[in-house]
$ cat target-v1.txt   # compact mmCIF, C-alpha atoms
# COMPACT_ATOMS: atom_id res chain seq x y z
CA MET I 325 -52.12 -39.98 -117.57
CA THR I 326 -53.53 -43.51 -117.11
CA SER I 327 -51.40 -46.60 -117.19
CA SER I 328 -52.28 -49.84 -118.92
CA THR I 329 -51.07 -53.40 -118.56
CA THR I 330 -49.56 -54.95 -121.65
CA GLY I 331 -47.97 -58.18 -122.81
CA PRO I 332 -47.42 -60.96 -120.27
CA ASP I 333 -48.79 -58.86 -117.38
CA ARG I 334 -52.11 -58.37 -119.16
CA MET I 335 -52.39 -62.08 -119.96
CA ALA I 336 -51.61 -62.93 -116.33
CA ALA I 337 -54.33 -60.54 -115.15
CA VAL I 338 -56.87 -62.09 -117.53
CA HIS I 339 -55.89 -65.57 -116.34
CA ASP I 340 -56.29 -64.52 -112.69
CA ARG I 341 -59.75 -63.07 -113.37
CA ARG I 342 -60.84 -66.25 -115.12
CA ARG I 343 -59.60 -68.41 -112.26
CA ALA I 344 -61.39 -66.20 -109.73
CA ALA I 345 -64.60 -66.30 -111.76
CA THR I 346 -64.64 -70.10 -111.82
CA ARG I 347 -63.51 -70.69 -108.23
CA GLY I 348 -65.75 -73.15 -106.44
CA GLY I 349 -66.47 -75.31 -109.45
CA LEU I 350 -69.19 -75.71 -112.04
CA ALA I 351 -72.41 -75.60 -110.01
CA ASP I 352 -74.02 -76.05 -106.60
CA ILE I 353 -76.53 -78.91 -106.21
CA VAL I 354 -79.50 -77.60 -104.20
CA GLY I 355 -82.20 -80.16 -104.95
CA ALA I 356 -82.68 -83.65 -106.32
CA GLY I 357 -85.56 -85.65 -107.76
CA VAL I 358 -84.76 -89.34 -108.07
CA LEU I 359 -86.82 -92.29 -109.34
CA SER I 360 -85.14 -95.69 -109.26
CA ALA I 361 -85.80 -99.35 -108.61
CA ALA I 362 -85.06 -98.60 -104.95
CA GLY I 363 -87.86 -96.02 -104.76
CA SER I 364 -88.32 -92.26 -104.92
CA GLY I 365 -85.79 -89.78 -103.55
CA LEU I 366 -82.30 -90.08 -102.12
CA ASP I 367 -83.26 -91.94 -98.93
CA PRO I 368 -83.85 -95.36 -100.58
CA LEU I 369 -80.31 -95.22 -102.01
CA ARG I 370 -78.66 -94.83 -98.61
CA GLY I 371 -76.80 -97.96 -97.65
CA LEU I 372 -77.16 -99.57 -101.09
CA ALA I 373 -73.44 -99.09 -101.63
CA ALA I 374 -72.68 -101.75 -99.02
CA PRO I 375 -71.46 -105.02 -100.62
CA ALA I 376 -74.34 -107.42 -101.11
CA VAL I 377 -73.81 -109.85 -103.97
CA GLY I 378 -76.98 -110.41 -105.96
CA ALA I 379 -79.07 -108.29 -103.58
CA LEU I 380 -81.17 -106.26 -106.01
CA ALA I 381 -83.21 -103.46 -104.50
CA ALA I 382 -86.37 -105.05 -105.93
CA ALA I 383 -87.44 -108.15 -107.82
CA PRO I 384 -87.41 -107.85 -111.63
CA VAL I 385 -90.79 -108.04 -113.36
CA ALA I 386 -91.65 -109.57 -116.72
CA LEU I 387 -91.03 -107.30 -119.70
CA GLY I 388 -93.36 -107.86 -122.64
CA GLY I 389 -94.99 -111.22 -123.31
CA ALA I 390 -94.13 -114.28 -121.27
CA GLY I 391 -92.63 -115.93 -124.35
CA LEU I 392 -89.87 -113.32 -124.59
CA GLY I 393 -88.26 -114.34 -121.32
CA LEU I 394 -87.33 -110.73 -120.52
CA SER I 395 -87.38 -108.96 -117.19
CA ALA I 396 -86.58 -105.47 -115.93
CA LEU I 397 -86.67 -103.32 -112.82
CA PRO I 398 -89.39 -100.64 -112.84
CA VAL I 399 -89.34 -97.60 -110.59
CA ALA I 400 -90.57 -98.85 -107.23
CA GLY I 401 -93.92 -97.47 -106.08
CA PHE I 402 -94.30 -94.96 -108.91
CA ASP I 403 -97.93 -94.12 -109.74
CA PRO I 404 -97.99 -91.44 -112.48
CA ALA I 405 -101.63 -90.51 -111.81
CA THR I 406 -100.92 -89.83 -108.15
CA VAL I 407 -97.84 -87.74 -108.86
CA LEU I 408 -98.90 -85.93 -112.03
CA GLY I 409 -102.69 -86.12 -111.95
CA GLY I 410 -104.89 -87.95 -114.43
CA ARG I 411 -105.50 -85.08 -116.84
CA GLY I 412 -103.56 -85.54 -120.09
CA LEU I 413 -101.63 -88.49 -118.68
CA SER I 414 -102.46 -90.77 -121.61
CA ARG I 415 -100.68 -88.37 -123.98
CA LEU I 416 -97.41 -88.62 -122.05
CA SER I 417 -94.84 -91.30 -122.83
CA ARG I 418 -93.21 -93.21 -119.98
CA SER I 419 -90.09 -91.04 -120.40
CA ASP I 420 -92.23 -87.91 -120.19
CA GLN I 421 -93.84 -89.15 -116.99
CA LEU I 422 -90.58 -90.13 -115.30
CA ALA I 423 -88.78 -86.92 -116.25
CA MET I 424 -91.67 -84.70 -115.27
CA ALA I 425 -92.07 -86.39 -111.89
CA ALA I 426 -88.33 -86.15 -111.17
CA CYS I 427 -88.22 -82.46 -112.13
CA LEU I 428 -91.22 -81.64 -109.95
CA ALA I 429 -89.63 -83.42 -107.00
CA ALA I 430 -86.30 -81.64 -107.55
CA LEU I 431 -87.94 -78.22 -107.74
CA ASP I 432 -89.96 -78.93 -104.64
CA ALA I 433 -86.81 -79.94 -102.74
CA ALA I 434 -85.00 -76.76 -103.80
CA GLY I 435 -87.89 -74.36 -103.31
CA ALA I 436 -89.65 -73.82 -106.61
CA GLY I 437 -90.23 -70.09 -106.03
CA ALA I 438 -86.65 -69.22 -105.07
CA VAL I 439 -85.70 -68.32 -108.67
CA GLY I 440 -88.03 -66.91 -111.31
CA SER I 441 -89.37 -69.28 -113.97
CA GLY I 442 -87.87 -67.13 -116.71
CA GLN I 443 -84.42 -67.61 -115.18
CA THR I 444 -84.71 -71.36 -114.80
CA GLY I 445 -83.78 -73.75 -117.60
CA ILE I 446 -83.78 -77.48 -118.12
CA VAL I 447 -81.47 -79.94 -119.90
CA LEU I 448 -82.09 -83.68 -119.93
CA GLY I 449 -79.90 -86.52 -121.12
CA THR I 450 -81.37 -89.54 -122.88
CA SER I 451 -80.57 -92.33 -125.31
CA VAL I 452 -83.14 -91.71 -128.06
CA GLY I 453 -86.01 -90.15 -126.13
CA SER I 454 -89.04 -92.35 -125.58
CA THR I 455 -87.85 -95.64 -127.06
CA GLY I 456 -91.31 -97.23 -126.90
CA THR I 457 -93.08 -94.35 -128.63
CA VAL I 458 -90.43 -93.98 -131.33
CA LEU I 459 -90.56 -97.68 -132.19
CA ALA I 460 -94.37 -97.84 -132.11
CA PHE I 461 -94.63 -94.84 -134.43
CA LEU I 462 -92.03 -96.31 -136.76
CA ARG I 463 -93.80 -99.68 -136.78
CA ASP I 464 -97.09 -98.00 -137.73
CA THR I 465 -95.50 -96.43 -140.80
CA PHE I 466 -94.87 -99.96 -142.11
CA GLU I 467 -97.93 -101.82 -140.84
CA GLN I 468 -100.87 -99.43 -141.10
CA ALA I 469 -102.85 -98.98 -144.29
CA ARG I 470 -101.98 -96.21 -146.71
CA PRO I 471 -101.65 -93.30 -146.48
CA TYR I 472 -99.60 -94.40 -143.47
CA LEU I 473 -102.23 -94.02 -140.79
CA VAL I 474 -100.01 -93.33 -137.83
CA ASP I 475 -101.46 -92.03 -134.59
CA PRO I 476 -100.85 -88.25 -134.70
CA ALA I 477 -101.30 -88.00 -130.92
CA GLN I 478 -98.07 -89.97 -130.53
CA PHE I 479 -95.97 -87.62 -132.60
CA PRO I 480 -95.07 -85.08 -129.87
CA SER I 481 -93.63 -87.89 -127.73
CA VAL I 482 -91.53 -89.07 -130.68
CA MET I 483 -89.57 -85.82 -130.55
CA LEU I 484 -86.26 -86.04 -128.69
CA ASN I 485 -87.06 -82.93 -126.65
CA SER I 486 -90.51 -84.11 -125.60
CA ALA I 487 -89.72 -84.76 -121.93
CA ALA I 488 -87.80 -81.50 -121.42
CA GLY I 489 -90.33 -79.44 -123.36
CA ARG I 490 -93.41 -80.84 -121.67
CA THR I 491 -91.81 -80.56 -118.26
CA ALA I 492 -90.99 -76.89 -118.89
CA ILE I 493 -94.62 -76.27 -119.90
CA ARG I 494 -95.93 -78.08 -116.83
CA CYS I 495 -93.62 -76.14 -114.48
CA GLY I 496 -93.88 -72.81 -116.31
CA LEU I 497 -90.16 -72.66 -117.03
CA THR I 498 -89.27 -70.35 -119.91
CA GLY I 499 -85.48 -70.46 -119.69
CA VAL I 500 -83.01 -72.58 -121.69
CA ASN I 501 -84.55 -75.87 -122.80
CA ALA I 502 -82.48 -78.69 -124.29
CA THR I 503 -82.04 -82.44 -124.59
CA VAL I 504 -78.75 -84.28 -125.10
CA ALA I 505 -78.67 -87.76 -126.63
CA GLY I 506 -75.60 -89.46 -125.22
CA GLY I 507 -76.45 -92.98 -124.10
CA PRO I 508 -74.69 -94.02 -120.87
CA VAL I 509 -72.74 -90.73 -120.69
CA ALA I 510 -75.78 -88.51 -121.37
CA GLY I 511 -75.88 -87.37 -117.76
CA PHE I 512 -72.35 -85.99 -117.98
CA HIS I 513 -73.27 -84.01 -121.08
CA ALA I 514 -76.37 -82.62 -119.36
CA VAL I 515 -74.50 -81.44 -116.26
CA ARG I 516 -71.69 -79.95 -118.36
CA TYR I 517 -74.21 -78.16 -120.58
CA ALA I 518 -76.05 -76.78 -117.54
CA GLY I 519 -72.80 -75.56 -115.99
CA ARG I 520 -71.89 -73.67 -119.13
CA VAL I 521 -75.32 -72.04 -119.27
CA LEU I 522 -74.95 -70.88 -115.66
CA ARG I 523 -71.42 -69.56 -116.20
CA ALA I 524 -72.55 -67.68 -119.32
CA GLY I 525 -75.30 -65.96 -117.34
CA GLN I 526 -78.06 -67.39 -119.54
CA ALA I 527 -79.88 -68.75 -116.49
CA ARG I 528 -79.70 -68.46 -112.71
CA ARG I 529 -80.87 -72.01 -112.12
CA MET I 530 -80.82 -75.19 -114.20
CA LEU I 531 -82.54 -78.53 -113.92
CA ALA I 532 -80.07 -81.12 -115.20
CA GLY I 533 -80.44 -84.88 -115.29
CA ALA I 534 -81.31 -87.89 -117.39
CA VAL I 535 -84.12 -90.37 -117.97
CA GLU I 536 -84.52 -93.86 -119.43
CA GLU I 537 -87.60 -95.96 -120.03
CA VAL I 538 -87.44 -99.71 -120.62
CA VAL I 539 -89.50 -101.49 -123.30
CA PRO I 540 -89.36 -105.07 -124.65
CA GLU I 541 -87.49 -104.02 -127.80
CA LEU I 542 -84.76 -102.48 -125.68
CA GLY I 543 -84.61 -105.63 -123.59
CA LEU I 544 -84.16 -107.78 -126.69
CA ALA I 545 -81.41 -105.53 -128.02
CA TRP I 546 -79.48 -105.60 -124.77
CA ARG I 547 -79.89 -109.33 -124.32
CA ARG I 548 -78.01 -109.66 -127.59
CA GLY I 549 -75.75 -106.69 -126.88
CA GLY I 550 -74.35 -107.96 -123.62
CA LEU I 551 -75.69 -107.18 -120.18
CA ALA I 552 -73.51 -108.38 -117.33
CA THR I 553 -74.66 -111.53 -115.58
CA GLY I 554 -77.15 -110.83 -112.82
CA VAL I 555 -77.73 -107.18 -113.77
CA PRO I 556 -81.21 -106.53 -115.25
CA LEU I 557 -82.24 -103.52 -117.29
CA ALA I 558 -83.92 -100.82 -115.23
CA GLU I 559 -85.85 -97.64 -115.88
CA GLY I 560 -85.17 -94.51 -113.91
CA ALA I 561 -84.77 -90.76 -113.80
CA ALA I 562 -82.62 -88.41 -111.77
CA VAL I 563 -82.77 -84.62 -112.02
CA PHE I 564 -80.76 -82.10 -110.01
CA VAL I 565 -81.35 -78.41 -109.37
CA LEU I 566 -78.10 -76.59 -110.12
CA ASP I 567 -77.31 -73.02 -109.09
CA GLY I 568 -74.18 -71.10 -110.00
CA PRO I 569 -70.99 -72.04 -108.13
CA ASP I 570 -70.75 -70.70 -104.56
CA THR I 571 -74.29 -69.34 -104.77
CA VAL I 572 -75.23 -71.23 -101.61
CA ALA I 573 -73.38 -70.99 -98.29
CA GLY I 574 -71.45 -74.11 -97.33
CA ASP I 575 -73.54 -74.68 -94.21
CA ASP I 576 -76.91 -74.22 -95.94
CA PRO I 577 -79.00 -77.41 -95.50
CA LEU I 578 -80.20 -77.07 -99.10
CA LEU I 579 -76.68 -77.63 -100.42
CA LEU I 580 -76.31 -81.33 -101.30
CA GLY I 581 -72.93 -81.01 -102.97
CA ARG I 582 -70.86 -79.10 -105.47
CA VAL I 583 -69.95 -80.12 -109.00
CA LEU I 584 -66.33 -79.12 -109.49
CA ALA I 585 -65.77 -80.40 -113.03
CA ALA I 586 -67.43 -82.34 -115.84
CA GLU I 587 -65.54 -83.76 -118.80
CA THR I 588 -66.49 -85.92 -121.78
CA GLY I 589 -64.50 -87.53 -124.57
CA PHE I 590 -64.56 -90.09 -127.35
CA VAL I 591 -62.39 -92.67 -129.03
CA ASP I 592 -63.45 -95.17 -131.68
CA SER I 593 -64.18 -98.39 -129.77
CA ALA I 594 -62.97 -100.32 -132.83
CA ARG I 595 -59.46 -99.46 -131.68
CA GLY I 596 -59.97 -101.86 -128.79
CA ALA I 597 -60.50 -101.84 -125.04
CA PRO I 598 -57.01 -100.46 -124.20
CA ALA I 599 -57.69 -97.35 -126.29
CA VAL I 600 -61.04 -96.77 -124.57
CA ALA I 601 -59.44 -97.24 -121.13
CA ALA I 602 -56.66 -94.80 -122.04
CA ARG I 603 -59.18 -92.21 -123.26
CA LEU I 604 -61.22 -92.55 -120.07
CA ALA I 605 -58.07 -92.17 -117.95
CA GLU I 606 -57.20 -89.02 -119.92
CA CYS I 607 -60.72 -87.68 -119.36
CA VAL I 608 -60.49 -88.35 -115.61
CA ARG I 609 -57.11 -86.61 -115.34
CA ALA I 610 -58.52 -83.58 -117.16
CA ALA I 611 -61.51 -83.41 -114.80
CA VAL I 612 -59.35 -83.80 -111.70
CA SER I 613 -56.97 -81.08 -112.92
CA ARG I 614 -59.85 -78.74 -113.82
CA ALA I 615 -61.33 -79.26 -110.36
CA GLY I 616 -58.05 -78.08 -108.83
CA ILE I 617 -57.40 -81.26 -106.89
CA THR I 618 -54.99 -84.20 -107.02
CA PRO I 619 -55.90 -87.90 -107.36
CA ASP I 620 -54.79 -88.66 -103.80
CA GLN I 621 -57.45 -86.26 -102.45
CA VAL I 622 -60.29 -88.32 -103.95
CA SER I 623 -62.04 -90.44 -101.33
CA LEU I 624 -64.75 -92.17 -103.40
CA LEU I 625 -65.06 -93.53 -106.95
CA ALA I 626 -68.43 -94.24 -108.57
CA PRO I 627 -67.90 -96.32 -111.75
CA GLY I 628 -70.96 -96.81 -113.92
CA ALA I 629 -70.22 -99.60 -116.43
CA LEU I 630 -70.86 -102.53 -114.11
CA GLY I 631 -74.00 -103.58 -115.96
CA ARG I 632 -72.34 -103.98 -119.38
CA ARG I 633 -70.47 -107.20 -120.01
CA GLY I 634 -66.72 -106.63 -120.30
CA TRP I 635 -66.86 -102.84 -119.96
CA ALA I 636 -66.55 -102.77 -116.19
CA ALA I 637 -63.02 -104.14 -116.58
CA VAL I 638 -62.18 -101.40 -119.10
CA GLU I 639 -63.44 -98.76 -116.70
CA GLU I 640 -61.56 -100.26 -113.75
CA ARG I 641 -58.35 -100.32 -115.80
CA ALA I 642 -58.66 -96.57 -116.37
CA LEU I 643 -59.44 -95.85 -112.73
CA ARG I 644 -56.47 -97.88 -111.50
CA GLU I 645 -54.22 -96.03 -113.92
CA VAL I 646 -55.18 -92.73 -112.30
CA PHE I 647 -55.97 -93.64 -108.68
CA GLY I 648 -54.64 -97.12 -108.02
CA ALA I 649 -56.72 -99.39 -105.81
CA ARG I 650 -57.00 -97.02 -102.85
CA PRO I 651 -60.31 -95.08 -103.10
CA GLY I 652 -63.44 -97.04 -102.24
CA ARG I 653 -65.84 -97.90 -105.06
CA LEU I 654 -69.57 -97.19 -104.99
CA ARG I 655 -71.32 -99.52 -107.44
CA LEU I 656 -75.08 -99.22 -107.75
CA ALA I 657 -75.89 -101.18 -110.92
CA ASP I 658 -75.89 -104.53 -109.13
CA ARG I 659 -78.49 -103.10 -106.74
CA VAL I 660 -80.71 -100.93 -108.96
CA GLY I 661 -79.98 -102.42 -112.40
CA GLU I 662 -78.50 -101.09 -115.65
CA SER I 663 -80.37 -97.88 -116.40
CA LEU I 664 -78.39 -96.77 -119.48
CA ALA I 665 -78.90 -93.02 -120.04
CA ALA I 666 -80.25 -92.53 -116.51
CA GLY I 667 -77.20 -94.26 -115.05
CA VAL I 668 -75.02 -91.19 -114.46
CA GLY I 669 -77.88 -89.41 -112.71
CA LEU I 670 -78.44 -92.37 -110.41
CA GLN I 671 -74.68 -92.61 -109.78
CA LEU I 672 -74.68 -88.98 -108.66
CA ALA I 673 -77.76 -89.57 -106.52
CA GLY I 674 -76.01 -92.56 -104.94
CA VAL I 675 -72.96 -90.46 -104.13
CA LEU I 676 -75.06 -87.69 -102.57
CA ALA I 677 -76.99 -90.25 -100.52
CA ASN I 678 -73.91 -92.07 -99.25
CA TRP I 679 -71.51 -89.35 -98.16
CA SER I 680 -69.80 -90.55 -95.00
CA GLY I 681 -70.18 -87.22 -93.25
CA GLN I 682 -66.73 -85.67 -93.79
CA THR I 683 -66.96 -82.20 -95.34
CA SER I 684 -63.72 -82.71 -97.26
CA GLU I 685 -65.03 -85.69 -99.24
CA LEU I 686 -64.39 -85.73 -102.97
CA ALA I 687 -65.97 -88.19 -105.39
CA VAL I 688 -65.23 -89.01 -109.02
CA LEU I 689 -67.96 -90.53 -111.20
CA THR I 690 -67.16 -92.26 -114.48
CA ASN I 691 -69.04 -94.06 -117.23
CA LEU I 692 -68.53 -95.10 -120.84
CA GLY I 693 -70.55 -96.16 -123.85
CA LEU I 694 -70.20 -99.07 -126.25
CA ASP I 695 -69.17 -96.64 -129.01
CA GLY I 696 -66.15 -95.35 -127.08
CA SER I 697 -67.75 -92.28 -125.51
CA VAL I 698 -66.45 -91.58 -122.01
CA GLY I 699 -67.21 -89.10 -119.24
CA CYS I 700 -66.26 -88.01 -115.76
CA LEU I 701 -67.70 -85.84 -112.99
CA VAL I 702 -65.92 -84.51 -109.90
CA VAL I 703 -68.16 -83.72 -106.93
CA THR I 704 -67.44 -82.54 -103.41
CA ARG I 705 -69.62 -82.83 -100.35
CA ALA I 706 -71.56 -79.80 -99.11
CA GLY I 707 -69.21 -77.52 -97.25
CA GLU I 708 -66.35 -75.17 -97.96
CA PHE I 709 -63.96 -76.42 -100.63
CA THR I 710 -60.47 -74.95 -100.63
CA GLY I 711 -59.39 -76.09 -104.08
CA GLU I 712 -59.29 -73.85 -107.11
CA ARG I 713 -60.75 -74.72 -110.47
CA LYS I 714 -58.30 -74.35 -113.33

$ encode --input "target-v1.txt" --output "structure tokens"
Amino acid sequence: MTSSTTGPDRMAAVHDRRRAATRGGLADIVGAGVLSAAGSGLDPLRGLAAPAVGALAAAPVALGGAGLGLSALPVAGFDPATVLGGRGLSRLSRSDQLAMAACLAALDAAGAGAVGSGQTGIVLGTSVGSTGTVLAFLRDTFEQARPYLVDPAQFPSVMLNSAAGRTAIRCGLTGVNATVAGGPVAGFHAVRYAGRVLRAGQARRMLAGAVEEVVPELGLAWRRGGLATGVPLAEGAAVFVLDGPDTVAGDDPLLLGRVLAAETGFVDSARGAPAVAARLAECVRAAVSRAGITPDQVSLLAPGALGRRGWAAVEERALREVFGARPGRLRLADRVGESLAAGVGLQLAGVLANWSGQTSELAVLTNLGLDGSVGCLVVTRAGEFTGERK
């Protein structure tokens, strides 16, 4: 006769299996492709966390006509033809080019042939896709002669999933393919989505990141919408190769870090800054708890709202509520600009590039949007982590 577990014992056994299955966190980071105003890769971001008031990584360039008085930070030294080749380049939007280049670099860093293309997926975060292409296409529908003679060659780049789809085609990836529109917290959504795909067994490897292009219309909107003084808009892209948790040994040189938890949330910003700060603090506590750590174990905070006037104070209020003033802050926006949807990706790249060398390091990344959307990521340095995800 066989015995079975019932009632509370069965529930306890199920809970134990779930905890064991998620031990080690959400995903292992085994490659990174980064394009920022500081340059390509993680190396240019090393040392940028050091305090240097007004010391941008590069000089802003004019955005649009001289009469607009706009400036922005482009990706330093990025030549799409050199990276992607000239064939078909004119049909790619700037977002397509940046995302594709970042994904190729990330795959190269991780070893593109390590996991089959059918088992590799991609999820990218963005604001609205290619802002320039969307607005140009929309403008043509009003300005061109009937019957609305838009340029059909532009239409694929108008689609939100253009960058992710075209990158998958270029790299031969036939796994999960998705795009998440989330503004400044889009990167959190992308990493969380990728982690769920990996845990569900729908892919063995995921490319997760975010991209943002900068066009004059965006510059005009943000000049009215409130950029912080001295922080220009910036384009950028950051994509990370994620494998399932504990897939890679702690001493493997490919392992850049481990994502322990990713959380997102929302509160109507019309309720005021205190409500947004409280919701962000709640989101951070949930992520810290899910990662199986305590706030006093966190050694580095990477806030992301520095480039938006007034919102950095809201973010800092939430962080002080959870951590106090103790952990050091890594702020990149005053060095590489406000990159909107790409911001979380560049924050994560900055953390990975500026680990101090202690294997027990834990970092918490935060960001928030003007609409009241909030997000948080908990990351640990490469090495064995003894915590337990809840």

$ closest_atom_pairs --input "target-v1.txt" --of "range 523-550 of chain I" --to "range 693-696 of chain I" --cutoff "12 Å" --atoms "only C-alpha atoms" --output "CSV"
residue,atom,partner,partner_atom,distance
I:Trp546,CA,I:Leu694,CA,11.4
I:Gly549,CA,I:Leu694,CA,9.4
I:Gly550,CA,I:Leu694,CA,10.2

$ atom_distance --input "target-v1.txt" --atom1 "CA of Ala510 in chain I" --atom2 "CA of Leu422 in chain I"
16.1 Å

$ residues_near_point --input "target-v1.txt" --point "(-88.7, -84.9, -117.6)" --cutoff "7 Å" --atoms "all atoms listed in the file" --output "ChimeraX atom specification"
/I:419-427,487-488,491

$ residues_near_point --input "target-v1.txt" --point "(-82.5, -110.0, -113.2)" --cutoff "8 Å" --atoms "only C-alpha atoms" --output "PyMOL selection string"
chain I and resi 383-384+395-397+554-557

$ residues_around --input "target-v1.txt" --residues "Ala400 in chain I" --least-positions-apart "5" --cutoff "8 Å" --atoms "only C-alpha atoms" --output "list in words"
Leu359, Ser360, Ala361, Ala362, Gly363, Ser364 and Ala382 of chain I

$ atom_distance --input "target-v1.txt" --atom1 "CA of Leu497 in chain I" --atom2 "CA of Ala524 in chain I"
18.4 Å

$ residues_around --input "target-v1.txt" --residues "Ala527 in chain I" --least-positions-apart "5" --cutoff "8 Å" --atoms "all atoms listed in the file" --output "tab-separated table (two decimals) with C-alpha atoms, in the coordinates of the input"
chain	number	residue	atom	x	y	z
I	443	GLN	CA	-84.42	-67.61	-115.18
I	444	THR	CA	-84.71	-71.36	-114.80
I	445	GLY	CA	-83.78	-73.75	-117.60
I	499	GLY	CA	-85.48	-70.46	-119.69
I	500	VAL	CA	-83.01	-72.58	-121.69
I	521	VAL	CA	-75.32	-72.04	-119.27
I	522	LEU	CA	-74.95	-70.88	-115.66

$ closest_residue --input "target-v1.txt" --among "I:Gly391, I:Gly667, I:Pro627, I:Pro476" --to "Gly652 in chain I" --atoms "all atoms listed in the file"
I:Pro627

$ atom_distance --input "target-v1.txt" --atom1 "CA of Pro508 in chain I" --atom2 "CA of Ser697 in chain I"
8.5 Å

$ residues_around --input "target-v1.txt" --residues "Ala601 in chain I" --least-positions-apart "6" --cutoff "10 Å" --atoms "all atoms listed in the file" --output "PDB file with C-alpha atoms, keeping the file's coordinate frame"
ATOM      1  CA  VAL I 591     -62.390 -92.670-129.030  1.00  0.00           C
ATOM      2  CA  SER I 593     -64.180 -98.390-129.770  1.00  0.00           C
ATOM      3  CA  CYS I 607     -60.720 -87.680-119.360  1.00  0.00           C
ATOM      4  CA  TRP I 635     -66.860-102.840-119.960  1.00  0.00           C
ATOM      5  CA  ALA I 637     -63.020-104.140-116.580  1.00  0.00           C
ATOM      6  CA  VAL I 638     -62.180-101.400-119.100  1.00  0.00           C
ATOM      7  CA  GLU I 639     -63.440 -98.760-116.700  1.00  0.00           C
ATOM      8  CA  GLU I 640     -61.560-100.260-113.750  1.00  0.00           C
ATOM      9  CA  ARG I 641     -58.350-100.320-115.800  1.00  0.00           C
ATOM     10  CA  ALA I 642     -58.660 -96.570-116.370  1.00  0.00           C
ATOM     11  CA  LEU I 643     -59.440 -95.850-112.730  1.00  0.00           C
ATOM     12  CA  GLU I 645     -54.220 -96.030-113.920  1.00  0.00           C
ATOM     13  CA  LEU I 692     -68.530 -95.100-120.840  1.00  0.00           C
ATOM     14  CA  GLY I 696     -66.150 -95.350-127.080  1.00  0.00           C
ATOM     15  CA  VAL I 698     -66.450 -91.580-122.010  1.00  0.00           C
TER      16      VAL I 698
END

$ closest_residue --input "target-v1.txt" --among "I:Gly357, I:Gly543, I:Gly511, I:Gly371" --to "Gly393 in chain I" --atoms "all atoms listed in the file"
I:Gly543

$ closest_residue --input "target-v1.txt" --among "I:Ser441, I:Gln621, I:Thr571, I:Thr690" --to "Arg653 in chain I" --atoms "all atoms listed in the file"
I:Thr690

$ closest_residue --input "target-v1.txt" --among "I:Thr588, I:Thr457, I:Asn485, I:Asn691" --to "Gly628 in chain I" --atoms "only C-alpha atoms"
I:Asn691

$ residues_around --input "target-v1.txt" --residues "Ala665 in chain I" --least-positions-apart "4" --cutoff "7 Å" --atoms "all atoms listed in the file" --output "PDB file with C-alpha atoms, in the frame of the given file"
ATOM      1  CA  GLY I 449     -79.900 -86.520-121.120  1.00  0.00           C
ATOM      2  CA  THR I 450     -81.370 -89.540-122.880  1.00  0.00           C
ATOM      3  CA  SER I 451     -80.570 -92.330-125.310  1.00  0.00           C
ATOM      4  CA  GLY I 507     -76.450 -92.980-124.100  1.00  0.00           C
ATOM      5  CA  PRO I 508     -74.690 -94.020-120.870  1.00  0.00           C
ATOM      6  CA  VAL I 509     -72.740 -90.730-120.690  1.00  0.00           C
ATOM      7  CA  ALA I 510     -75.780 -88.510-121.370  1.00  0.00           C
ATOM      8  CA  GLY I 511     -75.880 -87.370-117.760  1.00  0.00           C
ATOM      9  CA  ALA I 534     -81.310 -87.890-117.390  1.00  0.00           C
ATOM     10  CA  VAL I 535     -84.120 -90.370-117.970  1.00  0.00           C
ATOM     11  CA  GLU I 536     -84.520 -93.860-119.430  1.00  0.00           C
TER      12      GLU I 536
END

$ closest_residue --input "target-v1.txt" --among "I:Leu579, I:Leu413, I:Leu630, I:Val447" --to "Thr553 in chain I" --atoms "only C-alpha atoms"
I:Leu630

$ closest_residue --input "target-v1.txt" --among "I:Ala386, I:Ala434, I:Val354, I:Val600" --to "Pro540 in chain I" --atoms "only C-alpha atoms"
I:Ala386

$ axis_aligned_box --input "target-v1.txt" --around "range 419-436 of chain I" --padding-each-side "3 Å" --output "AutoDock Vina command-line options"
--center_x -89.4 --center_y -82.4 --center_z -111.6 --size_x 14.8 --size_y 23.2 --size_z 23.7

$ residues_around --input "target-v1.txt" --residues "Val608 in chain I" --least-positions-apart "2" --cutoff "10 Å" --atoms "all atoms listed in the file" --output "PyMOL selection string"
chain I and resi 585-589+602-606+610-614+619+642-643+646-647+688-690+698-702

$ build_atoms --input "target-v1.txt" --residues "range 439-444 of chain I" --atoms "N, CA and C atoms" --output "tab-separated table (two decimals), in the coordinates of the input"
chain	number	residue	atom	x	y	z
I	439	VAL	N	-86.22	-68.96	-107.46
I	439	VAL	CA	-85.70	-68.32	-108.67
I	439	VAL	C	-86.84	-68.23	-109.67
I	440	GLY	N	-86.95	-67.11	-110.37
I	440	GLY	CA	-88.03	-66.91	-111.31
I	440	GLY	C	-88.04	-67.94	-112.43
I	441	SER	N	-89.24	-68.25	-112.93
I	441	SER	CA	-89.37	-69.28	-113.97
I	441	SER	C	-88.65	-68.87	-115.25
I	442	GLY	N	-88.56	-67.58	-115.52
I	442	GLY	CA	-87.87	-67.13	-116.71
I	442	GLY	C	-86.37	-67.25	-116.61
I	443	GLN	N	-85.86	-67.46	-115.40
I	443	GLN	CA	-84.42	-67.61	-115.18
I	443	GLN	C	-84.03	-69.04	-114.86
I	444	THR	N	-84.96	-69.95	-115.06
I	444	THR	CA	-84.71	-71.36	-114.80
I	444	THR	C	-84.81	-72.15	-116.09
